[in-house]
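Have a look at the structure below before the remarks.
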Amino acid sequence: MPDLTLRPRLSESTVPLNIALYGVVPDAPSSAPVAKVYWRWEDEPNMEPQLLGKAVKDHTLAAPFDLQGKTVRLFVVGKGQQSLAGAQQTVFGAVTPNLAAASFDGGTDDVTLTIANNGGSGTIRILRRTGLNAFAEVGSIAAATTTFVDSPPIDGTYDYKLTQNGLSGESNTRSVVVSVGDAGTGAAPSDLAALFDGIHTVTLGWTNNGGTGEIFVERKDGLSGDYFPIAILTLTDDTYDDTVEPSPSFGQIIYYRVRNESVAGYSNEADIFVPRVLA
């Protein structure tokens, strides 16, 4: 039975397969074709095997696909040989890093992430979110770096994940509960109200309840969107005017909330309805 040896080069996204065939035609010159090699994904048993190429003894065939850590099943057909249905090999190409751990240090108020690189050479991007917010990049590190330290601004549960330049996909997600020691006294703003003038201006007003941080004003367009910051104000500000653009195609609800950077939580949610512009 032929002996298949697969040697991936991890620095390349498309991995060459060094297929060494022995025992098929042992006395054939090295340039003679000795077999045809077919492949399919191991987890797709109904996939029609695809021709990888003609294998020559001690010859290297390049796989025309990005393996990305998936398992391939190889079939070899040669002179007098059965199809080698058992030639299953797992080829570990470069894949997105694994987020091995995330831990909070109450003494420093920092979150330390432990990262396992899986062969990629691109910059690793650190993504973070809290609550129902979208993930946002909070930093980046070189591929060889195994730790990242983040300093979340307020108490809460934070989710982290990674991506790496040059590779598709994302890492696993890890959550960590943060209790910032010097968060300051006070509570989140309250009594948020929104008044729309019916044209372009939304006037927001709220009550500040202590805290020492800046005031973040956030907005969400429609039920399916995510909140995003539209203004950063001083801790004494308690009003803000936002500008909206009515659509000629549809009306929509716009939601607002505010927070003080130094304390946990958000204000109540306020919303306005912006009707479509009639032609």
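For the structure tokens, the naming scheme is as follows: chains receive sequential letters (A, B, ...) according to their order of presentation, residues are indexed from 1 within each chain, and ligands are indexed from 1 in presentation order.
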
Q.
For the structure I just gave you, how does DSSP split range 83-277 of chain A - specifically, which residues are strand (DSSP E or B)? Reply as a PyMOL selection string.
A. chain A and resi 87-90+95-105+110-119+124-130+136-141+147-150+156-164+174-178+186-196+201-210+215-221+228-233+239-243+252-260+270-274

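Atom pair CA of Ala194 in chain A / CA of Ser267 in chain A: separated by 12.5 Å.
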
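Reported to one decimal place, the separation of CA of Thr157 in chain A from CA of Thr130 in chain A is 6.0 Å.
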
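For Asn133 in chain A, the non-local neighbours within 12 Å, defined as residues at least 4 positions apart in the same chain or in other chains and counting only C-alpha atoms, are Leu127, Arg128, Arg129, Thr157, Tyr158, Asp159, Glu218, Arg219, Lys220, Ser224, Gly225, Asp226, Tyr227, Phe228 and Pro229 of chain A.
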
**Q.** Long-range neighbours of Leu204 in chain A as number ranges by chain, 6 Å cut-off, only C-alpha atoms, 2 positions minimum in chain
**A.** A: 193-194, 239-240
